[in-house]
>>> print(open('work-v4.tsv').read())   # TSV, C-alpha atoms
chain	number	residue	atom	x	y	z
M	1	MET	CA	20.62	197.79	60.17
M	2	PRO	CA	19.62	194.82	58.02
M	3	ASP	CA	23.16	193.37	57.71
M	4	LEU	CA	23.28	191.02	60.70
M	5	PHE	CA	27.05	190.94	60.95
M	6	CYS	CA	27.19	194.73	61.09
M	7	ALA	CA	24.25	194.87	63.49
M	8	ILE	CA	25.91	192.50	65.94
M	9	VAL	CA	29.25	194.34	65.84
M	10	TYR	CA	27.42	197.67	66.17
M	11	ASN	CA	25.48	196.39	69.19
M	12	ILE	CA	28.59	195.03	70.89
M	13	ILE	CA	30.35	198.37	70.43
M	14	GLY	CA	27.30	200.27	71.70
M	15	GLN	CA	26.88	198.50	75.02
M	16	GLN	CA	27.10	200.88	77.97
M	17	ILE	CA	28.23	203.91	75.97
M	18	SER	CA	26.36	206.94	74.69
M	19	THR	CA	24.83	207.02	71.24
M	20	ALA	CA	27.22	209.81	70.26
M	21	ALA	CA	30.25	207.73	71.31
M	22	LEU	CA	28.85	204.70	69.50
M	23	ASN	CA	28.37	206.64	66.28
M	24	THR	CA	31.89	208.09	66.48
M	25	ILE	CA	33.46	204.66	66.98
M	26	TRP	CA	31.26	203.03	64.33
M	27	ASN	CA	32.22	205.70	61.79
M	28	ARG	CA	35.90	205.23	62.63
M	29	LEU	CA	35.55	201.47	62.08
M	30	LYS	CA	33.76	201.96	58.77
M	31	GLY	CA	36.40	204.48	57.74
M	32	MET	CA	39.29	202.07	58.21
M	33	LEU	CA	37.70	199.17	56.29
M	34	PRO	CA	36.50	198.94	52.70
M	35	GLU	CA	33.43	197.16	54.10
M	36	VAL	CA	32.49	195.85	57.54
M	37	ASN	CA	32.37	192.05	57.30
M	38	ALA	CA	33.97	189.07	59.01
M	39	SER	CA	37.09	188.90	56.86
M	40	THR	CA	37.84	192.64	56.96
M	41	VAL	CA	37.28	192.84	60.71
M	42	LEU	CA	39.64	189.89	61.19
M	43	SER	CA	42.35	191.90	59.43
M	44	LEU	CA	42.40	194.21	62.46
M	45	SER	CA	44.21	193.53	65.72
M	46	LYS	CA	42.76	194.06	69.20
M	47	GLU	CA	45.12	196.98	69.54
M	48	LYS	CA	43.88	198.57	66.30
M	49	LEU	CA	40.27	198.20	67.48
M	50	GLN	CA	41.24	199.75	70.82
M	51	SER	CA	42.86	202.67	69.02
M	52	ILE	CA	39.45	203.75	67.67
M	53	GLY	CA	37.78	203.60	71.11
M	54	ILE	CA	36.65	199.98	71.46
M	55	THR	CA	37.46	198.43	74.83
M	56	TYR	CA	39.80	195.45	74.99
M	57	ARG	CA	36.95	193.14	76.05
M	58	LYS	CA	34.65	194.31	73.24
M	59	ALA	CA	37.51	193.94	70.75
M	60	GLU	CA	37.87	190.32	71.88
M	61	TYR	CA	34.14	189.72	71.48
M	62	ILE	CA	34.10	191.27	68.01
M	63	LEU	CA	37.14	189.34	66.77
M	64	ASN	CA	35.82	186.09	68.25
M	65	PHE	CA	32.47	186.62	66.54
M	66	ALA	CA	34.12	187.54	63.22
M	67	GLY	CA	36.25	184.39	63.46
M	68	LYS	CA	33.19	182.18	64.00
M	69	VAL	CA	31.37	183.75	61.06
M	70	ASN	CA	34.43	183.62	58.80
M	71	SER	CA	35.08	179.94	59.58
M	72	GLY	CA	31.43	178.99	59.12
M	73	ASP	CA	31.06	177.91	62.75
M	74	TYR	CA	28.33	180.54	63.17
M	75	ARG	CA	25.94	180.93	60.26
M	76	LEU	CA	24.00	184.17	60.46
M	77	GLU	CA	21.51	183.20	57.73
M	78	LYS	CA	20.24	180.33	59.91
M	79	LEU	CA	18.85	182.87	62.38
M	80	PHE	CA	16.10	183.71	59.89
M	81	ASP	CA	14.83	180.11	59.97
M	82	MET	CA	14.64	180.01	63.77
M	83	THR	CA	11.82	180.94	66.10
M	84	ASP	CA	12.33	184.10	68.14
M	85	GLU	CA	13.34	182.04	71.17
M	86	GLU	CA	15.81	179.94	69.16
M	87	ALA	CA	17.34	183.03	67.53
M	88	ILE	CA	17.73	184.71	70.93
M	89	GLU	CA	19.39	181.60	72.38
M	90	SER	CA	21.72	181.39	69.38
M	91	LEU	CA	22.67	185.06	69.67
M	92	ILE	CA	23.30	184.92	73.41
M	93	SER	CA	25.62	181.97	72.85
M	94	LEU	CA	28.01	184.55	71.38
M	95	ASN	CA	30.37	186.28	73.80
M	96	GLY	CA	29.27	189.86	74.31
M	97	ILE	CA	25.59	189.35	73.44
M	98	GLY	CA	23.00	189.23	76.20
M	99	GLN	CA	19.24	188.79	76.21
M	100	TRP	CA	18.39	192.47	75.68
M	101	THR	CA	20.89	192.89	72.83
M	102	ALA	CA	19.58	189.75	71.14
M	103	GLU	CA	16.02	191.05	71.41
M	104	MET	CA	17.00	194.42	69.92
M	105	ILE	CA	18.68	192.62	67.00
M	106	LEU	CA	15.45	190.70	66.42
M	107	ILE	CA	13.43	193.92	66.45
M	108	PHE	CA	15.65	196.30	64.53
M	109	SER	CA	17.69	194.09	62.23
M	110	MET	CA	15.55	191.03	61.64
M	111	GLN	CA	12.25	192.93	61.87
M	112	ARG	CA	10.57	190.24	63.90
M	113	PRO	CA	6.97	191.27	64.60
M	114	ASP	CA	6.40	189.94	68.12
M	115	VAL	CA	9.25	190.96	70.43
M	116	VAL	CA	8.73	192.71	73.77
M	117	SER	CA	11.77	192.92	76.05
M	118	PHE	CA	11.31	192.49	79.80
M	119	GLY	CA	14.85	193.75	80.27
M	120	ASP	CA	14.15	197.07	78.58
M	121	LEU	CA	13.58	199.68	81.28
M	122	ALA	CA	11.79	202.06	78.92
M	123	ILE	CA	9.30	199.36	77.95
M	124	GLN	CA	8.64	198.68	81.63
M	125	ARG	CA	8.25	202.42	82.24
M	126	GLY	CA	5.81	202.68	79.32
M	127	MET	CA	3.77	199.82	80.77
M	128	ARG	CA	3.71	201.46	84.21
M	129	MET	CA	2.54	204.70	82.66
M	130	LEU	CA	-0.06	203.12	80.40
M	131	TYR	CA	-1.56	200.77	82.96
M	132	HIS	CA	-0.97	202.91	86.09
M	133	HIS	CA	1.17	200.36	87.90
M	134	ARG	CA	3.83	201.11	90.48
M	135	GLU	CA	5.92	198.23	89.15
M	136	ILE	CA	5.88	195.70	86.36
M	137	ASP	CA	6.87	192.29	87.63
M	138	ARG	CA	7.43	189.29	85.37
M	139	LYS	CA	3.84	188.06	85.80
M	140	LYS	CA	2.26	191.39	84.76
M	141	PHE	CA	4.76	191.75	81.94
M	142	GLU	CA	3.94	188.30	80.52
M	143	ARG	CA	0.21	189.03	80.71
M	144	TYR	CA	0.62	192.23	78.69
M	145	LYS	CA	3.05	190.57	76.30
M	146	ARG	CA	0.42	187.90	75.52
M	147	ARG	CA	-2.15	190.65	74.88
M	148	TYR	CA	0.15	192.32	72.38
M	149	SER	CA	0.89	189.11	70.46
M	150	PRO	CA	1.36	188.72	67.52
M	151	TYR	CA	2.28	192.42	67.28
M	152	GLY	CA	4.57	192.77	70.28
M	153	THR	CA	7.16	194.74	68.34
M	154	VAL	CA	4.59	197.39	67.44
M	155	ALA	CA	3.56	197.54	71.10
M	156	SER	CA	7.22	197.96	72.04
M	157	LEU	CA	7.50	200.97	69.74
M	158	TYR	CA	4.43	202.55	71.34
M	159	LEU	CA	5.66	201.78	74.86
M	160	TRP	CA	9.00	203.44	74.07
M	161	ALA	CA	7.13	206.49	72.79
M	162	ILE	CA	4.95	206.62	75.91
M	163	ALA	CA	8.01	206.30	78.17
M	164	GLY	CA	9.64	209.13	76.24
M	165	GLY	CA	6.76	211.49	76.93
M	166	ALA	CA	4.85	211.26	73.65
M	167	ILE	CA	1.49	211.58	75.40
M	168	ASP	CA	0.92	214.65	77.55
M	169	GLY	CA	-0.39	214.04	81.02
M	170	MET	CA	0.85	210.48	81.40
M	171	LYS	CA	3.03	209.91	84.42
M	172	ASP	CA	5.19	207.14	85.77
M	173	TYR	CA	3.60	205.48	88.79
M	174	GLN	CA	6.81	203.80	89.96
M	175	LYS	CA	7.37	203.83	93.69
M	176	SER	CA	9.79	206.59	94.56
M	177	GLU	CA	12.68	205.80	96.84
M	178	ARG	CA	12.71	208.55	99.48
M	179	LEU	CA	15.57	208.77	101.89
>>> encode(input="work-v4.tsv", output="structure tokens")
Amino acid sequence: MPDLFCAIVYNIIGQQISTAALNTIWNRLKGMLPEVNASTVLSLSKEKLQSIGITYRKAEYILNFAGKVNSGDYRLEKLFDMTDEEAIESLISLNGIGQWTAEMILIFSMQRPDVVSFGDLAIQRGMRMLYHHREIDRKKFERYKRRYSPYGTVASLYLWAIAGGAIDGMKDYQKSERL
């Protein structure tokens, strides 16, 4: 989703819900607006956003974000001139955007080439499977992340594929919690 405004709204809506629910809500939002942008989103009330399945809290986040963009207090185009770290910090300054969401926006919307998310459980699982570790702590993660640089995003895509079972015979070495 190359439109950053849409990508951020989409990601806020999608937090902690299924992909199917996200797509249903996103299509409802798109269906009620001529175009999804800051000014059209601001034409909606919290109650109207809730009526299509968006939680009250997420509706607040979305309207707050749209207000900042519409007023010029938050300038999306500046993200493209920032380093990855600066862009992540800028994104997480927005209510409703955390580290993982910011990293996914960098990968999938901004197409940044060197992003590997420590907070992504599938990436950690892929690393455990690939390197035969029982756990991936921050130190191991950073070592692998440096190895992948400057193509961390490509590595992320492969790690997601590995975690999803793309390679027969690979297993997850994570310690199992037996009762």
>>> residues_near_point(input="work-v4.tsv", point="(22.2, 187.2, 71.5)", cutoff="12 Å", atoms="only C-alpha atoms", output="PyMOL selection string")
chain M and resi 4+7-9+11-12+65+76+79+84-106
>>> residues_around(input="work-v4.tsv", residues="M:Phe141", least_positions_apart="2", cutoff="12 Å", atoms="all atoms listed in the file", output="PyMOL selection string")
chain M and resi 116-121+123-128+131+133+135-139+143-148+152+156
>>> axis_aligned_box(input="work-v4.tsv", around="stretch 52-68 of chain M", padding_each_side="6 Å", output="lines of an AutoDock Vina configuration file")
center_x = 36.1
center_y = 193.0
center_z = 69.6
size_x = 19.3
size_y = 33.6
size_z = 24.8
>>> atom_distance(input="work-v4.tsv", atom1="atom CA of M:Met82", atom2="atom CA of M:Ala155")
22.0 Å
>>> atom_distance(input="work-v4.tsv", atom1="atom CA of M:Ala66", atom2="atom CA of M:Gln16")
21.1 Å
>>> atom_distance(input="work-v4.tsv", atom1="atom CA of M:Arg134", atom2="atom CA of M:Ala163")
14.0 Å
>>> closest_residue(input="work-v4.tsv", among="M:Gly14, M:Gly165, M:Gly72, M:Gly53", to="M:Ala38", atoms="all atoms listed in the file")
M:Gly72
>>> residues_around(input="work-v4.tsv", residues="M:Met32", least_positions_apart="2", cutoff="10 Å", atoms="only C-alpha atoms", output="number ranges by chain")
M: 27-30, 34-36, 40-41, 44, 48, 52
>>> write_last_selection(input="work-v4.tsv", atoms="C-alpha atoms", output="PDB file, in the frame of the given file")
ATOM      1  CA  ASN M  27      32.220 205.700  61.790  1.00  0.00           C
ATOM      2  CA  ARG M  28      35.900 205.230  62.630  1.00  0.00           C
ATOM      3  CA  LEU M  29      35.550 201.470  62.080  1.00  0.00           C
ATOM      4  CA  LYS M  30      33.760 201.960  58.770  1.00  0.00           C
ATOM      5  CA  PRO M  34      36.500 198.940  52.700  1.00  0.00           C
ATOM      6  CA  GLU M  35      33.430 197.160  54.100  1.00  0.00           C
ATOM      7  CA  VAL M  36      32.490 195.850  57.540  1.00  0.00           C
ATOM      8  CA  THR M  40      37.840 192.640  56.960  1.00  0.00           C
ATOM      9  CA  VAL M  41      37.280 192.840  60.710  1.00  0.00           C
ATOM     10  CA  LEU M  44      42.400 194.210  62.460  1.00  0.00           C
ATOM     11  CA  LYS M  48      43.880 198.570  66.300  1.00  0.00           C
ATOM     12  CA  ILE M  52      39.450 203.750  67.670  1.00  0.00           C
TER      13      ILE M  52
END
>>> closest_residue(input="work-v4.tsv", among="M:Asp172, M:Glu142, M:Glu77, M:Asp114", to="M:Leu157", atoms="all atoms listed in the file")
M:Asp114
>>> closest_residue(input="work-v4.tsv", among="M:Phe5, M:Trp160, M:Phe108, M:Tyr151", to="M:Met129", atoms="all atoms listed in the file")
M:Trp160
>>> decode(input="work-v4.tsv", residues="stretch 138-169 of chain M", atoms="N, CA, C and O atoms", output="short mmCIF file (atom, residue, chain, number, x, y, z; two decimals), in the first residue's frame")
data_model
loop_
_atom_site.label_atom_id
_atom_site.label_comp_id
_atom_site.auth_asym_id
_atom_site.auth_seq_id
_atom_site.Cartn_x
_atom_site.Cartn_y
_atom_site.Cartn_z
N ARG M 138 17.90 -10.78 22.08
CA ARG M 138 18.25 -9.54 21.38
C ARG M 138 19.67 -9.60 20.81
O ARG M 138 19.91 -9.15 19.70
N LYS M 139 20.60 -10.17 21.55
CA LYS M 139 21.99 -10.23 21.09
C LYS M 139 22.13 -11.07 19.82
O LYS M 139 22.76 -10.65 18.85
N LYS M 140 21.52 -12.25 19.80
CA LYS M 140 21.56 -13.10 18.60
C LYS M 140 20.87 -12.40 17.44
O LYS M 140 21.36 -12.41 16.31
N PHE M 141 19.70 -11.82 17.74
CA PHE M 141 18.94 -11.13 16.70
C PHE M 141 19.79 -10.04 16.05
O PHE M 141 19.86 -9.94 14.83
N GLU M 142 20.43 -9.21 16.85
CA GLU M 142 21.23 -8.10 16.32
C GLU M 142 22.40 -8.61 15.49
O GLU M 142 22.76 -8.02 14.48
N ARG M 143 22.98 -9.74 15.90
CA ARG M 143 24.09 -10.32 15.13
C ARG M 143 23.60 -10.74 13.74
O ARG M 143 24.22 -10.43 12.72
N TYR M 144 22.45 -11.42 13.69
CA TYR M 144 21.91 -11.84 12.39
C TYR M 144 21.46 -10.63 11.58
O TYR M 144 21.68 -10.58 10.36
N LYS M 145 20.86 -9.67 12.23
CA LYS M 145 20.41 -8.47 11.53
C LYS M 145 21.59 -7.77 10.83
O LYS M 145 21.47 -7.32 9.70
N ARG M 146 22.73 -7.70 11.52
CA ARG M 146 23.92 -7.09 10.91
C ARG M 146 24.39 -7.90 9.70
O ARG M 146 24.81 -7.35 8.70
N ARG M 147 24.29 -9.23 9.79
CA ARG M 147 24.69 -10.08 8.66
C ARG M 147 23.82 -9.82 7.43
O ARG M 147 24.29 -9.90 6.30
N TYR M 148 22.55 -9.58 7.67
CA TYR M 148 21.61 -9.38 6.56
C TYR M 148 21.74 -8.02 5.90
O TYR M 148 21.34 -7.85 4.75
N SER M 149 22.29 -7.06 6.61
CA SER M 149 22.38 -5.68 6.12
C SER M 149 23.30 -5.62 4.89
O SER M 149 24.34 -6.28 4.88
N PRO M 150 22.94 -4.89 3.89
CA PRO M 150 21.86 -3.90 3.75
C PRO M 150 20.58 -4.45 3.14
O PRO M 150 19.77 -3.69 2.61
N TYR M 151 20.36 -5.76 3.22
CA TYR M 151 19.19 -6.38 2.61
C TYR M 151 18.30 -7.07 3.64
O TYR M 151 17.74 -8.13 3.39
N GLY M 152 18.15 -6.43 4.79
CA GLY M 152 17.36 -7.01 5.87
C GLY M 152 15.92 -7.29 5.50
O GLY M 152 15.33 -8.28 5.95
N THR M 153 15.34 -6.46 4.67
CA THR M 153 13.95 -6.67 4.27
C THR M 153 13.80 -7.96 3.47
O THR M 153 12.86 -8.73 3.67
N VAL M 154 14.75 -8.23 2.59
CA VAL M 154 14.73 -9.48 1.82
C VAL M 154 14.87 -10.66 2.78
O VAL M 154 14.15 -11.65 2.67
N ALA M 155 15.77 -10.54 3.74
CA ALA M 155 15.93 -11.60 4.74
C ALA M 155 14.63 -11.80 5.51
O ALA M 155 14.23 -12.94 5.79
N SER M 156 13.95 -10.71 5.84
CA SER M 156 12.67 -10.82 6.54
C SER M 156 11.67 -11.64 5.74
O SER M 156 10.97 -12.50 6.28
N LEU M 157 11.60 -11.38 4.44
CA LEU M 157 10.68 -12.12 3.58
C LEU M 157 11.01 -13.62 3.59
O LEU M 157 10.11 -14.46 3.66
N TYR M 158 12.29 -13.95 3.53
CA TYR M 158 12.69 -15.35 3.58
C TYR M 158 12.40 -15.96 4.94
O TYR M 158 11.94 -17.11 5.03
N LEU M 159 12.65 -15.22 6.01
CA LEU M 159 12.39 -15.74 7.36
C LEU M 159 10.90 -16.00 7.56
O LEU M 159 10.51 -17.00 8.18
N TRP M 160 10.05 -15.11 7.04
CA TRP M 160 8.60 -15.35 7.11
C TRP M 160 8.23 -16.62 6.36
O TRP M 160 7.42 -17.41 6.82
N ALA M 161 8.84 -16.81 5.19
CA ALA M 161 8.55 -18.01 4.41
C ALA M 161 9.00 -19.27 5.15
O ALA M 161 8.26 -20.27 5.21
N ILE M 162 10.18 -19.23 5.74
CA ILE M 162 10.68 -20.37 6.50
C ILE M 162 9.74 -20.67 7.67
O ILE M 162 9.35 -21.82 7.89
N ALA M 163 9.35 -19.64 8.41
CA ALA M 163 8.45 -19.81 9.56
C ALA M 163 7.12 -20.39 9.12
O ALA M 163 6.48 -21.12 9.88
N GLY M 164 6.70 -20.07 7.92
CA GLY M 164 5.43 -20.57 7.39
C GLY M 164 5.50 -21.96 6.80
O GLY M 164 4.51 -22.47 6.28
N GLY M 165 6.66 -22.59 6.85
CA GLY M 165 6.79 -23.96 6.38
C GLY M 165 7.20 -24.12 4.93
O GLY M 165 6.99 -25.18 4.33
N ALA M 166 7.83 -23.11 4.35
CA ALA M 166 8.20 -23.15 2.93
C ALA M 166 9.27 -24.19 2.63
O ALA M 166 9.41 -24.61 1.48
N ILE M 167 10.03 -24.60 3.63
CA ILE M 167 11.11 -25.56 3.39
C ILE M 167 10.81 -26.83 4.19
O ILE M 167 10.81 -26.81 5.43
N ASP M 168 10.57 -27.91 3.48
CA ASP M 168 10.28 -29.18 4.14
C ASP M 168 11.43 -29.61 5.03
O ASP M 168 12.60 -29.44 4.68
N GLY M 169 11.08 -30.17 6.16
CA GLY M 169 12.08 -30.73 7.06
C GLY M 169 12.63 -29.76 8.09
O GLY M 169 13.31 -30.18 9.01
#
